[in-house]
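Containing compact mmCIF, C-alpha atoms: start-v4.txt.
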# COMPACT_ATOMS: atom_id res chain seq x y z
CA MET A 1 133.27 98.02 102.38
CA ARG A 2 134.89 100.81 100.40
CA LEU A 3 132.49 103.49 99.22
CA ASP A 4 133.62 103.31 95.59
CA LYS A 5 133.17 99.53 95.53
CA MET A 6 129.73 99.81 97.09
CA LEU A 7 128.60 102.34 94.48
CA ALA A 8 130.03 100.30 91.60
CA ASN A 9 128.32 97.15 92.88
CA ALA A 10 125.06 99.07 93.21
CA GLY A 11 125.13 99.97 89.51
CA TYR A 12 126.41 103.54 89.57
CA GLY A 13 129.11 102.88 87.01
CA THR A 14 132.65 101.54 86.83
CA ARG A 15 135.18 102.37 89.53
CA ASN A 16 136.54 105.18 87.34
CA GLU A 17 133.05 106.58 86.71
CA VAL A 18 132.29 106.43 90.42
CA LYS A 19 135.59 108.18 91.17
CA LYS A 20 134.61 111.07 88.88
CA ALA A 21 131.18 111.31 90.51
CA LEU A 22 132.77 111.46 93.95
CA LYS A 23 135.01 114.33 92.84
CA GLN A 24 131.89 116.20 91.70
CA GLY A 25 130.51 116.02 95.25
CA VAL A 26 127.29 114.18 94.42
CA VAL A 27 127.76 111.46 97.06
CA GLU A 28 126.73 111.88 100.68
CA VAL A 29 127.28 109.56 103.63
CA ASP A 30 125.09 110.26 106.65
CA GLY A 31 124.29 113.69 105.21
CA ALA A 32 127.89 114.78 104.61
CA VAL A 33 129.49 115.08 101.16
CA VAL A 34 132.27 112.53 100.69
CA LYS A 35 134.80 112.65 97.87
CA ASP A 36 137.13 109.87 99.00
CA GLY A 37 136.17 106.52 97.51
CA LYS A 38 138.47 104.71 99.93
CA LEU A 39 136.18 105.57 102.83
CA HIS A 40 134.81 102.41 104.45
CA VAL A 41 131.05 102.39 104.94
CA GLN A 42 128.52 100.01 106.45
CA PRO A 43 125.57 99.91 104.02
CA GLU A 44 123.31 98.27 106.59
CA ARG A 45 123.87 101.02 109.15
CA GLN A 46 124.77 104.17 107.23
CA SER A 47 122.80 106.35 104.85
CA VAL A 48 124.43 106.73 101.43
CA CYS A 49 122.90 109.04 98.81
CA TYR A 50 123.85 109.62 95.19
CA ALA A 51 122.64 112.93 93.74
CA GLY A 52 120.12 113.15 96.57
CA THR A 53 118.70 109.66 96.03
CA PRO A 54 119.27 106.89 98.61
CA VAL A 55 121.54 104.16 97.29
CA ARG A 56 119.85 100.75 97.23
CA TYR A 57 122.62 98.30 98.05
CA LYS A 58 122.29 94.55 98.43
CA ALA A 59 125.01 92.13 99.44
CA GLU A 60 123.18 89.33 97.60
CA LEU A 61 120.23 89.22 95.21
CA TYR A 62 117.43 86.65 95.14
CA LEU A 63 114.80 86.90 92.39
CA MET A 64 111.75 84.85 91.47
CA LEU A 65 111.05 84.85 87.73
CA ASN A 66 107.99 83.47 85.97
CA LYS A 67 109.91 82.23 82.96
CA PRO A 68 108.10 82.55 79.63
CA ALA A 69 108.54 80.11 76.76
CA GLY A 70 111.07 81.00 74.09
CA VAL A 71 113.94 82.24 76.26
CA VAL A 72 116.96 80.17 77.26
CA THR A 73 118.21 79.68 80.79
CA ALA A 74 121.67 81.17 80.41
CA THR A 75 123.57 84.29 81.36
CA GLU A 76 124.41 85.01 77.72
CA ASP A 77 123.74 83.58 74.28
CA ALA A 78 124.82 85.03 70.95
CA ARG A 79 121.72 83.83 69.08
CA GLN A 80 118.84 83.52 71.52
CA LYS A 81 117.19 85.69 74.16
CA THR A 82 118.17 84.74 77.70
CA VAL A 83 116.39 84.97 81.04
CA LEU A 84 119.00 87.52 82.15
CA GLU A 85 117.72 89.92 79.50
CA LEU A 86 114.37 89.99 81.32
CA VAL A 87 115.93 91.46 84.47
CA LYS A 88 119.08 93.22 83.21
CA ASN A 89 117.63 96.75 83.12
CA GLU A 90 117.05 96.69 86.87
CA TRP A 91 119.51 94.09 88.13
CA GLY A 92 122.10 93.51 85.39
CA HIS A 93 124.77 95.38 87.35
CA MET A 94 124.67 92.71 90.07
CA LYS A 95 125.32 89.92 87.55
CA PRO A 96 122.76 87.38 88.81
CA PHE A 97 122.75 83.85 87.41
CA PRO A 98 120.02 81.21 87.12
CA VAL A 99 119.60 78.59 89.83
CA GLY A 100 119.50 75.44 87.73
CA ARG A 101 117.80 75.57 84.36
CA LEU A 102 114.52 75.20 82.53
CA ASP A 103 114.28 74.15 78.89
CA LYS A 104 113.61 76.86 76.32
CA ASP A 105 109.94 75.92 75.95
CA THR A 106 109.36 75.21 79.67
CA THR A 107 107.72 77.97 81.71
CA GLY A 108 107.31 78.81 85.37
CA LEU A 109 109.38 79.16 88.51
CA LEU A 110 113.03 80.06 87.97
CA LEU A 111 115.22 81.63 90.62
CA LEU A 112 118.06 84.05 89.87
CA THR A 113 120.69 84.92 92.45
CA THR A 114 124.21 86.16 93.12
CA ASP A 115 124.59 83.71 96.01
CA GLY A 116 126.51 80.62 94.96
CA GLY A 117 125.89 78.89 98.28
CA PHE A 118 122.13 79.31 97.91
CA SER A 119 122.24 77.90 94.40
CA HIS A 120 124.26 74.91 95.56
CA GLU A 121 121.82 74.15 98.37
CA LEU A 122 118.95 73.95 95.89
CA MET A 123 120.62 72.18 93.00
CA ALA A 124 123.26 69.83 94.43
CA PRO A 125 122.09 66.22 93.87
CA LYS A 126 122.93 65.28 97.47
CA LYS A 127 120.49 67.92 98.78
CA HIS A 128 117.45 66.18 97.21
CA VAL A 129 115.45 69.43 96.99
CA ALA A 130 112.13 68.58 95.34
CA LYS A 131 110.75 70.45 92.33
CA GLU A 132 107.13 70.21 91.22
CA TYR A 133 105.99 70.45 87.61
CA ARG A 134 102.60 70.56 85.96
CA ALA A 135 102.19 69.29 82.46
CA LEU A 136 99.80 68.52 79.64
CA VAL A 137 100.60 65.12 78.22
CA GLU A 138 99.50 63.63 74.91
CA GLY A 139 98.04 60.23 75.76
CA LYS A 140 96.08 58.69 78.61
CA VAL A 141 98.15 58.75 81.80
CA THR A 142 97.26 55.73 83.93
CA GLN A 143 97.82 54.31 87.39
CA ALA A 144 100.42 52.04 85.80
CA ASP A 145 102.39 55.17 84.89
CA VAL A 146 102.09 56.40 88.48
CA GLU A 147 103.59 53.13 89.71
CA ALA A 148 106.30 53.19 87.05
CA PHE A 149 107.37 56.70 88.06
CA LYS A 150 107.26 55.68 91.73
CA ASN A 151 109.70 52.85 91.04
CA GLY A 152 111.87 54.81 88.60
CA VAL A 153 111.82 54.56 84.82
CA VAL A 154 114.68 53.79 82.45
CA LEU A 155 115.49 56.70 80.13
CA ASP A 156 116.73 56.48 76.55
CA ASP A 157 120.37 56.51 77.70
CA GLY A 158 119.86 53.62 80.13
CA TYR A 159 119.71 55.77 83.26
CA CYS A 160 117.10 54.70 85.83
CA THR A 161 115.48 57.72 87.45
CA LYS A 162 114.99 58.14 91.15
CA PRO A 163 111.44 57.59 92.47
CA ALA A 164 109.11 60.41 91.38
CA GLN A 165 105.64 61.29 92.59
CA LEU A 166 103.17 61.47 89.69
CA GLU A 167 99.60 62.62 90.28
CA ILE A 168 96.89 62.48 87.64
CA GLU A 169 94.64 65.54 87.58
CA GLU A 170 92.83 64.58 84.38
CA SER A 171 93.25 61.45 82.28
CA GLY A 172 92.27 61.25 78.62
CA PRO A 173 93.63 61.78 75.11
CA LEU A 174 95.22 64.89 76.64
CA SER A 175 96.10 64.32 80.30
CA ALA A 176 96.87 66.90 83.00
CA ILE A 177 99.38 65.84 85.64
CA SER A 178 101.63 67.07 88.41
CA LEU A 179 105.06 65.55 88.99
CA GLU A 180 107.53 65.94 91.84
CA LEU A 181 111.21 65.21 91.15
CA THR A 182 114.27 65.28 93.37
CA GLU A 183 116.75 65.30 90.49
CA GLY A 184 117.13 67.26 87.29
CA LYS A 185 118.53 65.34 84.35
CA PHE A 186 118.51 66.88 80.87
CA HIS A 187 114.91 67.08 79.55
CA GLN A 188 114.00 64.67 82.34
CA VAL A 189 110.22 65.14 82.49
CA LYS A 190 109.86 64.78 78.73
CA ARG A 191 112.14 61.75 78.65
CA MET A 192 110.30 60.06 81.54
CA PHE A 193 106.99 60.33 79.72
CA ALA A 194 108.61 59.20 76.48
CA ALA A 195 109.76 56.10 78.38
CA VAL A 196 106.10 55.20 79.01
CA GLY A 197 105.02 56.01 75.46
CA LYS A 198 103.66 59.53 75.94
CA LYS A 199 104.59 63.05 74.87
CA VAL A 200 104.73 66.22 76.97
CA ILE A 201 102.92 69.05 75.19
CA LYS A 202 103.24 71.77 77.81
CA LEU A 203 105.43 71.96 80.93
CA GLU A 204 105.56 74.42 83.82
CA ARG A 205 107.54 74.36 87.07
CA VAL A 206 105.45 75.56 89.99
CA ARG A 207 107.49 74.78 93.10
CA ILE A 208 111.04 74.47 94.44
CA GLY A 209 111.25 73.02 97.94
CA SER A 210 108.29 74.65 99.69
CA LEU A 211 108.48 77.82 97.57
CA MET A 212 105.52 78.15 95.19
CA LEU A 213 105.46 80.26 92.05
CA ASP A 214 103.70 83.55 92.78
CA SER A 215 100.49 83.26 90.76
CA SER A 216 100.29 87.05 90.45
CA LEU A 217 103.50 87.21 88.40
CA PRO A 218 102.82 87.44 84.66
CA LYS A 219 104.99 85.49 82.24
CA GLY A 220 108.31 87.30 82.12
CA GLY A 221 107.56 89.05 85.42
CA TYR A 222 109.89 88.89 88.39
CA ARG A 223 110.32 90.15 91.93
CA GLU A 224 112.68 89.81 94.87
CA LEU A 225 112.25 86.96 97.30
CA THR A 226 111.45 87.78 100.90
CA PRO A 227 113.75 86.36 103.62
CA ALA A 228 111.02 83.85 104.47
CA GLU A 229 110.77 82.71 100.84
CA ILE A 230 114.53 82.19 100.66
CA GLN A 231 114.14 79.70 103.50
CA LEU A 232 111.04 78.12 101.94
CA ALA A 233 113.04 77.22 98.84
CA LYS A 234 115.34 75.12 101.04
CA THR A 235 112.54 73.60 103.13
CA PRO A 236 111.02 70.18 102.34
CA TYR A 237 107.44 70.42 101.11
CA ILE A 238 104.69 68.85 103.19
CA LYS A 239 101.48 68.43 101.26
CA LYS A 240 98.32 69.32 103.15
CA LYS A 241 95.94 66.42 103.54
CA SER A 242 92.46 66.97 102.16
CA LEU A 243 89.63 66.74 104.67

Could you show the structure in this file as structure tokens?
Amino acid sequence: MRLDKMLANAGYGTRNEVKKALKQGVVEVDGAVVKDGKLHVQPERQSVCYAGTPVRYKAELYLMLNKPAGVVTATEDARQKTVLELVKNEWGHMKPFPVGRLDKDTTGLLLLTTDGGFSHELMAPKKHVAKEYRALVEGKVTQADVEAFKNGVVLDDGYCTKPAQLEIEESGPLSAISLELTEGKFHQVKRMFAAVGKKVIKLERVRIGSLMLDSSLPKGGYRELTPAEIQLAKTPYIKKKSL
């Protein structure tokens, strides 16, 4: 990779700005000042410093975000705050994008990446990657609802959903549930409960594949995924049996 491209991708300015910095002699490769941006470097093997500070370069970016309510899942929006605005100060230069989407008022696990292949593996319908949600539902959720979700329910547009695993954590005037889906239609969780005469009050995504939301992340907080977590997101979830 060319040195000027590496520095631009790492957030040190445009190609022209990087070119000026190189002429000023502030860039070192393996301890030697380099002024030629055409020099090819290997970021994984060579030490590159800018003004004495090691350059943090990544070929691809993988972030876990605990999405708060009130922000839209988009890269840009003229009227509303987007999830990209939560990470842009640190990672905006890499131009990450959301993996799938969560509704504006839905919270929880959202991944951001620069890796289109990774996003496709998680979101392509043929991949059947499961996502788990937890919700508060207005109305008494019953075993009949569990069976209905297991068989697939017909939404307001006539679409019959794929089988979904609904578990009741608390049943009453306000019910607490968990729901595992392998598809992601528009407002699907809310529409599924509407199909059985109930209303979702609060919705949070807590898992993608086998990757769980980091409970230590505050709303709006984010961090990079570890290599193991990247694989977990693509790995089918096996629920532990209670003793």

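For the pair atom CA of A:Asp77 and atom CA of A:Tyr57, the separation is 28.0 Å.
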
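Between atom CA of A:Asp145 and atom CA of A:Lys199 the interatomic distance comes to 12.9 Å.
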
My list of candidates is A:Gln165, A:Thr73, A:Thr53, A:Asn66. Which is closest to A:Ser216 when distances are computed with all atoms listed in the file?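 Of all the options, A:Asn66 lies closest to A:Ser216.
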
Check the smallest atom-to-atom distance from each of A:Glu138, A:Asp105, A:Asp156, A:Glu183 to A:Met123 using only C-alpha atoms, then report the winner. A:Glu183

Using all atoms listed in the file, which residue out of A:Phe149, A:Phe186, A:Tyr237, A:Tyr62 lies closest to A:Val99? A:Tyr62

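The interatomic distance for the pair atom CA of A:Pro54 and atom CA of A:Lys35 works out to 16.6 Å.
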
Which residue out of A:Gly209, A:Gly52, A:Gly139, A:Pro96 has the minimum interatomic distance to A:Ala233 when all atoms listed in the file are used?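 Closest to A:Ala233 of all the choices is A:Gly209.
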
Choose the residue, out of A:Arg223, A:Thr14, A:Pro236, A:Pro163, that has the smallest atom-to-atom separation from A:Leu179; count all atoms listed in the file.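 Of the candidates, the smallest distance to A:Leu179 is held by A:Pro163.
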
Could you check which of A:Leu166, A:Leu61, A:Leu7, A:Ile238 is closest to A:Phe193, using all atoms listed in the file?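 Counting all atoms listed in the file, the residue closest to A:Phe193 is A:Leu166.
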
Contacts of A:Pro173 at 9 Å or less, counting only C-alpha atoms, minus same-chain residues fewer than 2 places along, as an MDAnalysis selection string? chainID A and resid 137:141 171 175

Would you list the contacts of A:Met192 as a PyMOL selection string, taking every protein, DNA or RNA residue within 10 Å and counting only C-alpha atoms, but skipping same-chain residues closer than 5 positions in sequence? chain A and resi 145+148-149+152-156+160-161+164+187+197-200

Local residues around (94.2, 71.6, 83.9), at most 10 Å away, using all atoms listed in the file, as a VMD selection string: chain A and resid 134 to 136 169 to 170 174 to 178

Could the residues in this selection be written to a file with C-alpha atoms, as an mmCIF file, in the coordinates of the input?
data_model
loop_
_atom_site.group_PDB
_atom_site.id
_atom_site.type_symbol
_atom_site.label_atom_id
_atom_site.label_comp_id
_atom_site.auth_asym_id
_atom_site.auth_seq_id
_atom_site.Cartn_x
_atom_site.Cartn_y
_atom_site.Cartn_z
ATOM 1 C CA ARG A 134 102.600 70.560 85.960
ATOM 2 C CA ALA A 135 102.190 69.290 82.460
ATOM 3 C CA LEU A 136 99.800 68.520 79.640
ATOM 4 C CA GLU A 169 94.640 65.540 87.580
ATOM 5 C CA GLU A 170 92.830 64.580 84.380
ATOM 6 C CA LEU A 174 95.220 64.890 76.640
ATOM 7 C CA SER A 175 96.100 64.320 80.300
ATOM 8 C CA ALA A 176 96.870 66.900 83.000
ATOM 9 C CA ILE A 177 99.380 65.840 85.640
ATOM 10 C CA SER A 178 101.630 67.070 88.410
#

N, CA and C atoms for stretch 131-162 of chain A, written as a PDB file, in the coordinates of the input, could you do that?
ATOM      1  N   LYS A 131     111.348  69.478  93.237  1.00  0.00           N
ATOM      2  CA  LYS A 131     110.750  70.450  92.330  1.00  0.00           C
ATOM      3  C   LYS A 131     109.458  69.857  91.775  1.00  0.00           C
ATOM      4  N   GLU A 132     108.417  70.687  91.731  1.00  0.00           N
ATOM      5  CA  GLU A 132     107.130  70.210  91.220  1.00  0.00           C
ATOM      6  C   GLU A 132     106.827  70.849  89.869  1.00  0.00           C
ATOM      7  N   TYR A 133     106.357  70.016  88.958  1.00  0.00           N
ATOM      8  CA  TYR A 133     105.990  70.450  87.610  1.00  0.00           C
ATOM      9  C   TYR A 133     104.535  70.102  87.336  1.00  0.00           C
ATOM     10  N   ARG A 134     103.915  70.895  86.486  1.00  0.00           N
ATOM     11  CA  ARG A 134     102.600  70.560  85.960  1.00  0.00           C
ATOM     12  C   ARG A 134     102.717  70.483  84.449  1.00  0.00           C
ATOM     13  N   ALA A 135     102.017  69.515  83.888  1.00  0.00           N
ATOM     14  CA  ALA A 135     102.190  69.290  82.460  1.00  0.00           C
ATOM     15  C   ALA A 135     100.901  68.828  81.801  1.00  0.00           C
ATOM     16  N   LEU A 136     100.801  69.127  80.514  1.00  0.00           N
ATOM     17  CA  LEU A 136      99.800  68.520  79.640  1.00  0.00           C
ATOM     18  C   LEU A 136     100.515  67.455  78.833  1.00  0.00           C
ATOM     19  N   VAL A 137      99.943  66.264  78.837  1.00  0.00           N
ATOM     20  CA  VAL A 137     100.600  65.120  78.220  1.00  0.00           C
ATOM     21  C   VAL A 137      99.685  64.509  77.161  1.00  0.00           C
ATOM     22  N   GLU A 138     100.247  64.274  75.993  1.00  0.00           N
ATOM     23  CA  GLU A 138      99.500  63.630  74.910  1.00  0.00           C
ATOM     24  C   GLU A 138      99.432  62.133  75.195  1.00  0.00           C
ATOM     25  N   GLY A 139      98.222  61.641  75.428  1.00  0.00           N
ATOM     26  CA  GLY A 139      98.040  60.230  75.760  1.00  0.00           C
ATOM     27  C   GLY A 139      97.415  60.076  77.134  1.00  0.00           C
ATOM     28  N   LYS A 140      96.782  58.962  77.355  1.00  0.00           N
ATOM     29  CA  LYS A 140      96.080  58.690  78.610  1.00  0.00           C
ATOM     30  C   LYS A 140      97.075  58.248  79.679  1.00  0.00           C
ATOM     31  N   VAL A 141      97.270  59.095  80.686  1.00  0.00           N
ATOM     32  CA  VAL A 141      98.150  58.750  81.800  1.00  0.00           C
ATOM     33  C   VAL A 141      97.371  57.868  82.771  1.00  0.00           C
ATOM     34  N   THR A 142      97.958  56.748  83.151  1.00  0.00           N
ATOM     35  CA  THR A 142      97.260  55.730  83.930  1.00  0.00           C
ATOM     36  C   THR A 142      97.927  55.495  85.284  1.00  0.00           C
ATOM     37  N   GLN A 143      97.254  54.694  86.100  1.00  0.00           N
ATOM     38  CA  GLN A 143      97.820  54.310  87.390  1.00  0.00           C
ATOM     39  C   GLN A 143      99.101  53.503  87.206  1.00  0.00           C
ATOM     40  N   ALA A 144      99.183  52.778  86.098  1.00  0.00           N
ATOM     41  CA  ALA A 144     100.420  52.040  85.800  1.00  0.00           C
ATOM     42  C   ALA A 144     101.593  52.994  85.626  1.00  0.00           C
ATOM     43  N   ASP A 145     101.335  54.163  85.035  1.00  0.00           N
ATOM     44  CA  ASP A 145     102.390  55.170  84.890  1.00  0.00           C
ATOM     45  C   ASP A 145     102.796  55.718  86.254  1.00  0.00           C
ATOM     46  N   VAL A 146     101.805  55.924  87.126  1.00  0.00           N
ATOM     47  CA  VAL A 146     102.090  56.400  88.480  1.00  0.00           C
ATOM     48  C   VAL A 146     103.033  55.437  89.184  1.00  0.00           C
ATOM     49  N   GLU A 147     102.755  54.144  89.069  1.00  0.00           N
ATOM     50  CA  GLU A 147     103.590  53.130  89.710  1.00  0.00           C
ATOM     51  C   GLU A 147     104.979  53.072  89.069  1.00  0.00           C
ATOM     52  N   ALA A 148     105.014  53.216  87.749  1.00  0.00           N
ATOM     53  CA  ALA A 148     106.300  53.190  87.050  1.00  0.00           C
ATOM     54  C   ALA A 148     107.191  54.343  87.513  1.00  0.00           C
ATOM     55  N   PHE A 149     106.606  55.536  87.618  1.00  0.00           N
ATOM     56  CA  PHE A 149     107.370  56.700  88.060  1.00  0.00           C
ATOM     57  C   PHE A 149     107.808  56.527  89.513  1.00  0.00           C
ATOM     58  N   LYS A 150     106.950  55.909  90.315  1.00  0.00           N
ATOM     59  CA  LYS A 150     107.260  55.680  91.730  1.00  0.00           C
ATOM     60  C   LYS A 150     108.465  54.761  91.888  1.00  0.00           C
ATOM     61  N   ASN A 151     108.603  53.813  90.979  1.00  0.00           N
ATOM     62  CA  ASN A 151     109.700  52.850  91.040  1.00  0.00           C
ATOM     63  C   ASN A 151     110.943  53.312  90.285  1.00  0.00           C
ATOM     64  N   GLY A 152     110.774  54.346  89.449  1.00  0.00           N
ATOM     65  CA  GLY A 152     111.870  54.810  88.600  1.00  0.00           C
ATOM     66  C   GLY A 152     111.752  54.210  87.217  1.00  0.00           C
ATOM     67  N   VAL A 153     111.907  55.045  86.197  1.00  0.00           N
ATOM     68  CA  VAL A 153     111.820  54.560  84.820  1.00  0.00           C
ATOM     69  C   VAL A 153     113.185  54.661  84.148  1.00  0.00           C
ATOM     70  N   VAL A 154     113.403  53.810  83.169  1.00  0.00           N
ATOM     71  CA  VAL A 154     114.680  53.790  82.450  1.00  0.00           C
ATOM     72  C   VAL A 154     114.586  54.743  81.261  1.00  0.00           C
ATOM     73  N   LEU A 155     115.488  55.714  81.212  1.00  0.00           N
ATOM     74  CA  LEU A 155     115.490  56.700  80.130  1.00  0.00           C
ATOM     75  C   LEU A 155     116.194  56.145  78.895  1.00  0.00           C
ATOM     76  N   ASP A 156     116.175  56.940  77.830  1.00  0.00           N
ATOM     77  CA  ASP A 156     116.730  56.480  76.550  1.00  0.00           C
ATOM     78  C   ASP A 156     118.226  56.217  76.587  1.00  0.00           C
ATOM     79  N   ASP A 157     118.924  56.746  77.591  1.00  0.00           N
ATOM     80  CA  ASP A 157     120.370  56.510  77.700  1.00  0.00           C
ATOM     81  C   ASP A 157     120.692  55.395  78.696  1.00  0.00           C
ATOM     82  N   GLY A 158     119.649  54.717  79.197  1.00  0.00           N
ATOM     83  CA  GLY A 158     119.860  53.620  80.130  1.00  0.00           C
ATOM     84  C   GLY A 158     119.829  54.012  81.592  1.00  0.00           C
ATOM     85  N   TYR A 159     119.739  55.316  81.863  1.00  0.00           N
ATOM     86  CA  TYR A 159     119.710  55.770  83.260  1.00  0.00           C
ATOM     87  C   TYR A 159     118.342  55.488  83.881  1.00  0.00           C
ATOM     88  N   CYS A 160     118.344  54.939  85.094  1.00  0.00           N
ATOM     89  CA  CYS A 160     117.100  54.700  85.830  1.00  0.00           C
ATOM     90  C   CYS A 160     116.864  55.855  86.789  1.00  0.00           C
ATOM     91  N   THR A 161     115.754  56.537  86.640  1.00  0.00           N
ATOM     92  CA  THR A 161     115.480  57.720  87.450  1.00  0.00           C
ATOM     93  C   THR A 161     115.187  57.345  88.901  1.00  0.00           C
ATOM     94  N   LYS A 162     115.379  58.314  89.762  1.00  0.00           N
ATOM     95  CA  LYS A 162     114.990  58.140  91.150  1.00  0.00           C
ATOM     96  C   LYS A 162     113.462  58.146  91.241  1.00  0.00           C
TER      97      LYS A 162
END
